[in-house]
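Here is run_38.csv, consisting of CSV, C-alpha atoms and all ligand atoms:
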chain,number,residue,atom,x,y,z
A,1,MET,CA,-5.3,13.7,-15.3
A,2,THR,CA,-2.0,14.8,-14.0
A,3,LEU,CA,-1.7,14.0,-10.3
A,4,LEU,CA,-0.7,17.0,-8.4
A,5,VAL,CA,1.6,17.0,-5.4
A,6,ALA,CA,0.0,15.4,-2.5
A,7,CYS,CA,2.5,16.3,0.1
A,8,THR,CA,5.5,18.5,0.3
A,9,SER,CA,8.7,18.2,2.2
A,10,ALA,CA,8.1,17.9,5.9
A,11,THR,CA,10.9,20.4,6.5
A,12,THR,CA,9.6,23.0,4.0
A,13,PRO,CA,6.3,24.6,5.0
A,14,VAL,CA,4.1,25.6,2.1
A,15,PRO,CA,4.4,29.4,1.7
A,16,GLU,CA,1.1,31.3,1.7
A,17,THR,CA,1.9,32.4,-1.9
A,18,ALA,CA,1.4,28.8,-2.9
A,19,HIS,CA,-2.2,29.0,-1.8
A,20,ASP,CA,-3.6,29.0,-5.3
A,21,ALA,CA,-1.6,25.9,-6.2
A,22,ILE,CA,-2.9,24.1,-3.1
A,23,VAL,CA,-6.5,25.0,-4.0
A,24,GLU,CA,-5.9,23.7,-7.5
A,25,SER,CA,-4.5,20.5,-6.2
A,26,GLU,CA,-7.4,20.0,-3.8
A,27,VAL,CA,-9.7,20.2,-6.7
A,28,ALA,CA,-7.7,17.6,-8.6
A,29,HIS,CA,-7.5,15.3,-5.6
A,30,GLU,CA,-11.2,15.5,-4.7
A,31,ALA,CA,-12.0,14.6,-8.3
A,32,ASP,CA,-9.5,11.7,-8.0
A,33,ALA,CA,-11.0,10.4,-4.8
A,34,GLU,CA,-14.5,10.5,-6.3
A,35,ASP,CA,-13.3,8.7,-9.4
A,36,ALA,CA,-11.7,6.1,-7.3
A,37,ILE,CA,-14.6,5.5,-4.9
A,38,LEU,CA,-17.8,6.2,-6.7
A,39,ASP,CA,-17.1,5.8,-10.3
A,40,ILE,CA,-15.3,2.5,-10.6
A,41,ASP,CA,-15.6,1.0,-13.9
A,42,SER,CA,-17.6,-2.2,-13.8
A,43,VAL,CA,-14.6,-4.1,-15.2
A,44,GLU,CA,-12.8,-3.3,-12.0
A,45,ILE,CA,-15.4,-4.8,-9.6
A,46,ASP,CA,-14.8,-8.3,-8.4
A,47,GLU,CA,-18.3,-9.4,-7.6
A,48,ALA,CA,-17.1,-12.6,-5.9
A,49,ARG,CA,-15.0,-10.7,-3.5
A,50,LEU,CA,-17.6,-8.1,-2.8
A,51,LYS,CA,-19.9,-10.9,-1.6
A,52,LEU,CA,-17.3,-12.1,0.8
A,53,ASP,CA,-16.8,-8.7,2.4
A,54,VAL,CA,-18.5,-7.9,5.6
A,55,HIS,CA,-18.4,-4.8,7.7
A,56,PRO,CA,-18.2,-4.6,11.5
A,57,LEU,CA,-21.5,-2.6,11.6
A,58,ASP,CA,-23.4,-5.0,9.4
A,59,GLY,CA,-26.6,-5.8,11.2
A,60,TRP,CA,-26.5,-2.7,13.4
A,61,THR,CA,-29.6,-0.5,13.2
A,62,PRO,CA,-29.3,3.3,13.0
A,63,GLU,CA,-30.6,3.3,16.6
A,64,GLU,CA,-27.8,0.9,17.8
A,65,ILE,CA,-25.2,3.1,16.0
A,66,ARG,CA,-26.6,6.2,17.7
A,67,GLU,CA,-26.6,4.4,21.1
A,68,ALA,CA,-22.9,3.3,20.6
A,69,ILE,CA,-22.0,6.9,19.8
A,70,THR,CA,-23.5,8.1,23.0
A,71,THR,CA,-22.3,5.4,25.3
A,72,ASN,CA,-19.2,3.8,23.8
A,73,PRO,CA,-18.0,5.5,20.7
A,74,ALA,CA,-14.8,3.4,20.7
A,75,ALA,CA,-17.0,0.5,19.7
A,76,LEU,CA,-17.3,2.0,16.2
A,77,GLY,CA,-13.6,1.4,15.5
A,78,SER,CA,-11.6,3.8,13.4
A,79,VAL,CA,-13.5,6.2,11.2
A,80,SER,CA,-11.9,7.8,8.1
A,81,PHE,CA,-14.2,10.8,7.5
A,82,GLY,CA,-14.3,12.9,4.3
A,83,THR,CA,-11.5,12.8,1.8
A,84,PRO,CA,-7.7,12.8,2.3
A,85,ASN,CA,-7.6,16.5,1.5
A,86,ARG,CA,-10.7,17.5,3.5
A,87,GLY,CA,-11.3,15.0,6.2
A,88,ALA,CA,-11.1,13.9,9.8
A,89,LEU,CA,-10.0,10.9,11.8
A,90,PHE,CA,-12.0,9.4,14.7
A,91,ASN,CA,-10.8,6.6,16.9
A,92,GLY,CA,-7.4,6.8,15.4
A,93,VAL,CA,-4.5,4.4,16.2
A,94,ALA,CA,-1.0,5.6,16.9
A,95,ALA,CA,1.8,4.0,15.0
A,96,GLU,CA,4.3,2.4,17.5
A,97,ALA,CA,8.0,2.3,16.9
A,98,SER,CA,9.3,-1.3,16.4
A,99,HIS,CA,11.8,-3.3,14.4
A,100,LEU,CA,9.6,-2.4,11.4
A,101,TYR,CA,10.0,1.4,11.6
A,102,GLU,CA,11.2,4.3,13.7
A,103,LEU,CA,9.0,7.3,14.2
A,104,VAL,CA,10.2,10.6,12.8
A,105,LYS,CA,7.0,12.4,13.8
A,106,PRO,CA,5.4,10.4,16.7
A,107,ASP,CA,2.7,13.0,17.5
A,108,ASP,CA,1.4,13.0,13.9
A,109,ALA,CA,1.5,9.3,13.1
A,110,TRP,CA,-2.1,8.5,13.8
A,111,GLY,CA,-3.9,6.3,11.3
A,112,THR,CA,-7.0,4.1,11.1
A,113,ARG,CA,-6.6,0.6,12.4
A,114,GLU,CA,-6.6,-0.6,8.8
A,115,THR,CA,-3.9,1.8,7.7
A,116,ILE,CA,-1.6,0.7,10.5
A,117,ASP,CA,-2.3,-3.0,10.0
A,118,TYR,CA,-1.7,-2.7,6.3
A,119,LEU,CA,1.5,-0.9,6.7
A,120,ASN,CA,2.8,-3.4,9.2
A,121,ALA,CA,1.7,-6.4,7.1
A,122,ALA,CA,3.6,-5.1,4.0
A,123,ILE,CA,6.8,-4.4,6.0
A,124,ARG,CA,6.7,-7.8,7.7
A,125,LYS,CA,6.6,-9.3,4.2
A,126,VAL,CA,9.9,-7.5,3.4
A,127,HIS,CA,11.4,-8.8,6.7
A,128,ALA,CA,10.3,-12.3,5.8
A,129,ALA,CA,12.1,-12.1,2.5
A,130,PHE,CA,15.2,-10.3,3.9
A,131,PRO,CA,15.7,-11.2,7.6
A,132,ASP,CA,18.4,-8.6,8.3
A,133,THR,CA,16.3,-5.6,7.2
A,134,PRO,CA,16.7,-2.3,9.1
A,135,PRO,CA,13.7,-0.3,10.3
A,136,LEU,CA,12.2,2.2,7.9
A,137,ARG,CA,11.6,5.8,9.1
A,138,LEU,CA,7.9,6.6,9.4
A,139,GLY,CA,7.0,10.3,8.9
A,140,HIS,CA,3.5,11.8,9.0
A,141,ILE,CA,0.3,9.8,8.8
A,142,SER,CA,-2.4,12.1,10.3
A,143,ALA,CA,-2.9,14.3,13.4
A,144,LYS,CA,-4.7,12.5,16.2
A,145,THR,CA,-8.2,13.7,15.0
A,146,GLY,CA,-7.1,14.3,11.4
A,147,GLY,CA,-7.8,17.5,9.6
A,148,ARG,CA,-5.2,19.9,8.3
A,149,LEU,CA,-1.7,18.7,9.0
A,150,ARG,CA,0.9,21.3,7.9
A,151,PRO,CA,2.6,21.4,5.5
A,152,HIS,CA,0.5,18.9,3.6
A,153,VAL,CA,-2.7,19.2,1.6
A,154,SER,CA,-3.6,15.6,2.2
A,155,HIS,CA,-2.9,13.4,5.3
A,156,GLN,CA,-6.3,14.5,6.8
A,157,SER,CA,-8.2,11.2,7.2
A,158,GLY,CA,-5.8,8.6,8.5
A,159,ARG,CA,-5.1,7.0,5.1
A,160,ASP,CA,-1.9,8.7,3.9
A,161,VAL,CA,1.5,7.7,5.1
A,162,ASP,CA,4.9,9.2,4.4
A,163,ILE,CA,7.6,6.6,4.8
A,164,SER,CA,11.3,6.4,3.9
A,165,PHE,CA,12.9,4.2,1.3
A,166,TYR,CA,15.2,1.3,2.1
A,167,TYR,CA,18.7,2.6,1.4
A,168,THR,CA,21.9,0.6,0.6
A,169,ASP,CA,23.8,2.9,3.0
A,170,ASP,CA,23.0,4.7,6.2
A,171,SER,CA,21.2,7.6,4.5
A,172,PRO,CA,19.1,9.6,6.9
A,173,TRP,CA,15.3,10.4,6.7
A,174,TYR,CA,14.5,12.5,3.7
A,175,ALA,CA,17.7,11.6,1.8
A,176,ARG,CA,17.3,11.9,-1.9
A,177,ALA,CA,17.2,8.5,-3.5
A,178,THR,CA,19.6,7.8,-6.4
A,179,LYS,CA,20.4,4.7,-8.4
A,180,LYS,CA,23.4,4.3,-6.0
A,181,ASN,CA,21.7,4.4,-2.6
A,182,PHE,CA,18.2,3.0,-3.4
A,183,ASP,CA,17.9,-0.6,-2.2
A,184,LEU,CA,16.0,-2.0,-5.2
A,185,PRO,CA,15.3,-5.5,-3.9
A,186,ARG,CA,13.9,-4.4,-0.6
A,187,ASN,CA,12.0,-1.4,-2.0
A,188,TRP,CA,10.4,-3.6,-4.7
A,189,ALA,CA,9.5,-6.2,-2.1
A,190,PHE,CA,7.8,-3.5,-0.1
A,191,VAL,CA,5.9,-2.1,-3.1
A,192,LYS,CA,4.9,-5.6,-4.2
A,193,ALA,CA,3.7,-6.4,-0.7
A,194,LEU,CA,1.7,-3.2,-0.5
A,195,ILE,CA,-0.1,-4.1,-3.7
A,196,THR,CA,-0.7,-7.8,-3.0
A,197,GLU,CA,-1.2,-7.7,0.8
A,198,THR,CA,-3.1,-4.5,1.3
A,199,ASP,CA,-5.8,-2.3,-0.2
A,200,ILE,CA,-3.4,0.3,-1.4
A,201,GLU,CA,-4.9,3.1,-3.5
A,202,ILE,CA,-1.8,4.9,-4.7
A,203,ILE,CA,2.0,5.0,-4.1
A,204,LEU,CA,3.4,8.3,-5.0
A,205,VAL,CA,7.1,8.6,-5.7
A,206,ASP,CA,9.4,10.6,-8.1
A,207,ARG,CA,9.5,9.4,-11.7
A,208,SER,CA,13.1,8.4,-11.5
A,209,ILE,CA,12.2,5.9,-8.8
A,210,VAL,CA,9.1,4.7,-10.7
A,211,ASN,CA,11.4,3.9,-13.6
A,212,LEU,CA,14.0,2.1,-11.4
A,213,LEU,CA,11.3,0.0,-9.7
A,214,GLN,CA,9.6,-0.9,-13.0
A,215,LYS,CA,12.8,-2.0,-14.6
A,216,PHE,CA,13.7,-4.0,-11.6
A,217,ALA,CA,10.3,-5.7,-11.6
A,218,LEU,CA,10.6,-6.7,-15.2
A,219,ASP,CA,14.2,-7.9,-14.8
A,220,SER,CA,13.1,-10.0,-11.8
A,221,GLY,CA,10.7,-11.9,-14.1
A,222,GLU,CA,7.4,-10.4,-12.9
A,223,ASP,CA,4.5,-10.7,-15.4
A,224,PRO,CA,4.9,-7.8,-17.9
A,225,PHE,CA,1.1,-7.2,-18.2
A,226,TRP,CA,0.8,-6.9,-14.5
A,227,VAL,CA,3.9,-4.7,-14.2
A,228,ARG,CA,2.4,-2.4,-16.9
A,229,SER,CA,-0.9,-2.1,-15.0
A,230,ILE,CA,1.0,-1.2,-11.8
A,231,PHE,CA,3.3,1.4,-13.3
A,232,ARG,CA,1.6,2.7,-16.4
A,233,GLY,CA,-2.0,1.6,-16.3
A,234,PHE,CA,-4.3,1.3,-19.3
A,235,PRO,CA,-5.6,4.7,-20.4
A,236,GLY,CA,-9.3,5.0,-20.0
A,237,GLN,CA,-9.5,1.6,-18.1
A,238,GLN,CA,-7.1,1.4,-15.3
A,239,ARG,CA,-4.9,4.0,-13.6
A,240,PRO,CA,-1.4,3.0,-12.4
A,241,ILE,CA,-0.9,2.4,-8.7
A,242,VAL,CA,2.7,3.6,-8.6
A,243,ARG,CA,2.6,7.2,-9.8
A,244,HIS,CA,5.0,10.1,-10.2
A,245,ALA,CA,4.6,13.0,-7.9
A,246,SER,CA,7.2,15.8,-7.8
A,247,GLY,CA,8.8,16.3,-4.4
A,248,HIS,CA,8.8,12.6,-3.7
A,249,ALA,CA,12.4,11.6,-4.5
A,250,THR,CA,12.9,11.4,-0.7
A,251,HIS,CA,10.1,9.2,0.5
A,252,PHE,CA,7.1,7.1,-0.5
A,253,HIS,CA,3.7,8.7,0.0
A,254,LEU,CA,1.2,5.8,0.4
A,255,ARG,CA,-2.6,6.1,0.4
A,256,PHE,CA,-4.6,3.1,1.5
A,257,TYR,CA,-8.3,2.4,0.8
A,258,ASN,CA,-10.0,1.7,4.1
A,259,PRO,CA,-12.9,-0.5,3.2
A,260,ILE,CA,-14.0,-0.6,6.9
A,261,ALA,CA,-13.1,2.9,8.2
A,262,GLN,CA,-14.5,4.7,5.1
A,263,GLU,CA,-17.7,2.6,5.1
A,264,THR,CA,-18.1,3.3,8.8
A,265,ALA,CA,-17.9,7.0,8.0
A,266,ARG,CA,-20.7,6.6,5.4
A,267,ARG,CA,-22.9,4.8,8.0
A,268,ALA,CA,-22.0,6.8,11.1
A,269,GLY,CA,-20.3,10.0,10.0
A,270,ALA,CA,-23.4,12.3,10.0
A,271,LEU,CA,-24.3,11.0,13.5
A,272,LEU,CA,-20.8,11.6,14.7
A,273,VAL,CA,-20.9,15.2,13.4
A,274,GLU,CA,-24.3,15.7,15.0
A,275,ALA,CA,-22.9,14.5,18.3
A,276,GLY,CA,-20.0,16.9,18.0
A,277,LEU,CA,-17.4,14.1,17.9
A,278,ILE,CA,-16.2,14.9,14.4
A,279,LYS,CA,-15.8,18.5,13.4
A,280,ALA,CA,-17.7,18.9,10.1
A,281,ARG,CA,-15.7,20.8,7.5
A,282,PRO,CA,-17.6,22.3,4.7
A,283,ARG,CA,-17.7,20.4,1.4
A,284,ILE,CA,-17.0,22.2,-1.7
A,285,VAL,CA,-19.5,22.6,-4.5
A,286,HIS,CA,-18.1,23.8,-7.8
A,287,TYR,CA,-20.5,26.3,-9.3
A,288,ARG,CA,-20.2,27.9,-12.8
A,289,ALA,CA,-21.5,31.5,-12.6
A,290,LYS,CA,-24.4,32.5,-14.8
A,291,ALA,CA,-25.4,36.0,-15.9
A,292,GLY,CA,-27.1,37.8,-13.1
A,293,ASP,CA,-25.5,35.8,-10.2
A,294,THR,CA,-24.4,37.9,-7.3
A,295,LEU,CA,-22.3,36.9,-4.3
A,296,GLY,CA,-25.1,37.5,-1.9
A,297,GLY,CA,-27.5,35.5,-4.1
A,298,LEU,CA,-25.1,32.5,-4.2
A,299,ALA,CA,-24.5,32.7,-0.4
A,300,ALA,CA,-28.3,32.6,0.2
A,301,ARG,CA,-28.8,29.8,-2.3
A,302,PHE,CA,-26.1,27.5,-0.9
A,303,GLY,CA,-26.8,28.3,2.7
A,304,THR,CA,-23.4,29.9,3.3
A,305,THR,CA,-22.0,33.4,3.8
A,306,VAL,CA,-20.5,36.0,1.4
A,307,GLU,CA,-17.3,36.0,3.5
A,308,ALA,CA,-16.9,32.2,3.3
A,309,ILE,CA,-17.2,32.3,-0.5
A,310,GLN,CA,-14.7,35.2,-0.7
A,311,ARG,CA,-12.3,33.4,1.5
A,312,GLU,CA,-12.6,30.1,-0.4
A,313,ASN,CA,-12.0,31.9,-3.8
A,314,GLY,CA,-9.5,34.5,-2.7
A,315,LEU,CA,-11.9,37.3,-3.7
A,316,ARG,CA,-11.4,40.8,-2.4
A,317,GLY,CA,-14.6,42.4,-3.9
A,318,THR,CA,-18.1,41.2,-4.6
A,319,THR,CA,-17.9,40.9,-8.3
A,320,ILE,CA,-19.0,37.5,-9.7
A,321,ARG,CA,-17.8,36.8,-13.3
A,322,GLN,CA,-20.1,34.9,-15.7
A,323,HIS,CA,-18.7,31.5,-16.8
A,324,ARG,CA,-16.1,31.4,-14.0
A,325,THR,CA,-16.3,28.4,-11.7
A,326,TYR,CA,-16.4,29.2,-8.0
A,327,ARG,CA,-15.8,27.0,-5.0
A,328,ILE,CA,-18.8,27.3,-2.7
A,329,PRO,CA,-18.3,25.9,0.8
A,330,VAL,CA,-21.4,24.1,2.0
A,331,VAL,CA,-22.0,22.7,5.5
A,332,GLY,CA,-24.8,20.1,5.5
A,333,GLY,CA,-27.6,21.2,3.2
A,334,ALA,CA,-29.8,19.1,1.1
A,335,PRO,CA,-27.8,16.7,-1.0
A,336,THR,CA,-28.4,16.4,-4.8
A,337,SER,CA,-30.3,13.4,-5.9
A,338,GLU,CA,-27.1,11.8,-7.1
A,339,GLU,CA,-25.4,12.4,-3.8
A,340,ALA,CA,-28.4,10.9,-2.0
A,341,GLU,CA,-28.2,7.9,-4.2
A,342,ALA,CA,-24.5,7.4,-3.6
A,343,ALA,CA,-24.9,7.8,0.2
A,344,ASN,CA,-27.4,5.0,0.2
A,345,GLN,CA,-25.0,2.5,-1.4
A,346,PRO,CA,-22.2,0.8,0.4
A,347,LEU,CA,-18.8,2.1,-0.8
A,348,ARG,CA,-17.2,-0.1,-3.5
A,349,PHE,CA,-13.5,-0.6,-3.7
A,350,PRO,CA,-11.4,-2.0,-6.5
A,351,PRO,CA,-10.2,-5.6,-6.1
A,352,ARG,CA,-6.5,-6.0,-5.3
A,353,ARG,CA,-4.4,-6.0,-8.5
A,354,LEU,CA,-2.7,-9.3,-8.1
A,355,PRO,CA,-0.1,-10.9,-10.5
A,356,PRO,CA,-1.2,-14.0,-12.3
A,357,GLY,CA,-1.4,-17.1,-10.1
A,358,VAL,CA,-1.7,-15.1,-6.8
A,359,ARG,CA,-5.0,-15.3,-5.0
A,360,ILE,CA,-6.3,-13.8,-1.8
A,361,ALA,CA,-6.9,-16.8,0.4
A,362,GLU,CA,-9.4,-15.2,2.7
A,363,THR,CA,-10.8,-11.7,2.3
A,364,ARG,CA,-13.5,-12.1,5.0
A,365,ARG,CA,-13.1,-9.3,7.5
A,366,ARG,CA,-13.3,-9.6,11.2
A,367,ALA,CA,-14.8,-7.3,13.7
A,368,PRO,CA,-12.4,-5.5,15.9
A,369,PRO,CA,-12.2,-7.2,19.3
A,370,ASN,CA,-14.1,-4.5,21.2
A,371,LEU,CA,-17.1,-4.9,19.0
A,372,PRO,CA,-20.1,-7.0,20.1
A,373,CYS,CA,-20.2,-10.1,18.0
A,374,ARG,CA,-23.1,-10.1,15.6
A,375,ARG,CA,-23.9,-12.1,12.5
A,376,PRO,CA,-22.7,-12.1,9.8
A,377,ILE,CA,-19.4,-11.0,11.3
A,378,PRO,CA,-17.1,-13.9,12.0
A,379,CYS,CA,-16.5,-14.0,15.8
A,380,HIS,CA,-13.2,-14.3,17.5
B,401,ZN,ZN,2.7,12.6,2.1

Rewrite the structure of this file - the entire thing - as structure tokens.
Ligand SMILES: [Zn+2]
Amino acid sequence: MTLLVACTSATTPVPETAHDAIVESEVAHEADAEDAILDIDSVEIDEARLKLDVHPLDGWTPEEIREAITTNPAALGSVSFGTPNRGALFNGVAAEASHLYELVKPDDAWGTRETIDYLNAAIRKVHAAFPDTPPLRLGHISAKTGGRLRPHVSHQSGRDVDISFYYTDDSPWYARATKKNFDLPRNWAFVKALITETDIEIILVDRSIVNLLQKFALDSGEDPFWVRSIFRGFPGQQRPIVRHASGHATHFHLRFYNPIAQETARRAGALLVEAGLIKARPRIVHYRAKAGDTLGGLAARFGTTVEAIQRENGLRGTTIRQHRTYRIPVVGGAPTSEEAEAANQPLRFPPRRLPPGVRIAETRRRAPPNLPCRRPIPCH
């Protein structure tokens, strides 16, 4: 599937006329996210690593989670709710300016604890290899409580990061990268660290940059099979991590998996919505119209309103066309049996895609310091 644009220039708001394109890209992204999280090919699952993983809420009963939500919601740690294109952030962490990066948009640089930690870890790796490295410029992550962050479609759940390239000159934020100003050794070190040191999901960048990085990796003697899996993938088996997205010749768009904050959302999200701490946004059900369907009938069946369906599909009238697929916004409602099944299973994430000979020394996760210590969480 062609990956559609995940974010647009921070200086160019998306015009209203682009609404259809945004709706389309949301569809594509939701499908992507589902593929990535729920439909992982068994080949991709590293069973040994899964067994090592622990979650800070392991051992908590639903009553204990409910109690924490009432008395000390901070104890849950960061929660990445929903999808990057339709989500929310709870207990977010603000990125802080440092020698690693300057903040271009300090008010909208809120991520999950994992997102901020992953970003810092990868950049520190660049500094370790190149001690005189200047700070990057950090753009948008998410708003403090997530949700829509203009002009983006994504950036809603604390897992998306817009960050500058390393340049060979003093190019400002959002300068277009060229072969001349793109600092290949540092940018490749950054991309490699994101892949080997973090749970990165995708790195979006313009095709011209994808090609520069790929060639540099091969010229540097990186394993060709690994390089191919990173930049090209294997059709039907493995998607590339570094992917082309138009509008991204000026910055990297990173998206991290958050094995903790996304799993916390699965376990505590419904309770947080119930407590009014996360604003539930409707989820979209794609429905192909059959003969005899009416707008009123669909609204009643999905527990929504005629106006909401009209708004979601840009409909002026009440005509429903047979065989056309409509987006039906649904808040709550009985899940399908497949959804119920998925909601009962811990989320599964692909193993890190490491070059040959590189191993993760210790993947066991630790509870954040403000959490009560419970087995089997390693204590501080
Ligand atoms: Zn972005």

Practice problem: Kindly indicate which residue among A:Arg353, A:His155, A:Lys290, A:His127 lies nearest to ligand ZN 401 (chain B), using only C-alpha atoms and all ligand atoms for the distances. | Solution: A:His155

Quiz item: Excluding same-chain residues fewer than 5 positions from region 176-183 of chain A, what lies within 9 Å of it counting all atoms listed in the file, as a VMD selection string?
Solution: chain A and resid 165 to 171 188 208 to 209 212 248 to 251

Exercise. Name all residues at most 10 Å from Ala299 (chain A) (count all atoms listed in the file; drop same-chain ones fewer than 6 positions away) and give them as a list of chain:residue names.
Key: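 Near neighbours after the sequence-gap exclusion: A:Thr305, A:Val306, A:Glu307, A:Ala308, A:Ile309, A:Ile328, A:Pro329, A:Val330.
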
Practice problem: Enter the distance from CA of Asp219 (chain A) to CA of Arg207 (chain A), in Å, rounded to one decimal. | Solution: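 We find that CA of Asp219 (chain A) and CA of Arg207 (chain A) lie 18.2 Å from each other.
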
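The spacing separating CA of Ala261 (chain A) from CA of Pro106 (chain A) amounts to 21.7 Å.
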
Practice problem: Take CA of Arg137 (chain A) and CA of Arg124 (chain A) and report the distance between them in Å, one decimal. | Solution: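 These two atoms are separated by 14.5 Å.
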
Quiz prompt | Exercise: Asp117 (chain A) partners within 10 Å, only C-alpha atoms, chain neighbours under 5 positions left out, as an MDAnalysis selection string | solution = chainID A and resid 93 95 111:112 122 198

Quiz item: If you count only C-alpha atoms, which residues fall within 7 Å of region 265-275 of chain A, apart from same-chain ones fewer than 2 positions away, as an MDAnalysis selection string?
Solution: chainID A and resid 65:66 79:81 261:263 277:280 343

Exercise. Between A:Val153, A:Val191, A:Leu218, A:Ile241, single out the one closest to ligand ZN 401 (chain B), counting only C-alpha atoms and all ligand atoms.
Key: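 Ranked by minimum distance to ligand ZN 401 (chain B), first place goes to A:Val153.
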
Exercise. Kindly indicate which residue among A:Ile195, A:Leu184, A:Ile284, A:Ile141 lies nearest to ligand ZN 401 (chain B), using all atoms listed in the file for the distances.
Key: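 Counting all atoms listed in the file, the residue closest to ligand ZN 401 (chain B) is A:Ile141.
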
Exercise. Tell me which protein, DNA and RNA residues are within 7 Å of Asp223 (chain A), counting all atoms listed in the file, leaving out same-chain ones fewer than 3 positions away, and put them as a VMD selection string.
Key: chain A and resid 226 to 227 355

Self-check item: Among listed residues A:Glu102, A:Asp160, A:Asp58, A:Glu67, nearest ligand ZN 401 (chain B) (using all atoms listed in the file)
Solution: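 Closest residue, counting all atoms listed in the file: A:Asp160.
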
Practice problem: Check the smallest atom-to-atom distance from each of A:Gly146, A:Gly87, A:Gly92, A:Gly247 to ligand ZN 401 (chain B) using only C-alpha atoms and all ligand atoms, then report the winner. | Solution: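 Distance minimum relative to ligand ZN 401 (chain B) lands on A:Gly247.
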
Quiz item: Quick one: of A:Ile202, A:Leu119, A:Val161, A:Ile260, who's nearest to ligand ZN 401 (chain B), counting only C-alpha atoms and all ligand atoms?
Solution: A:Val161
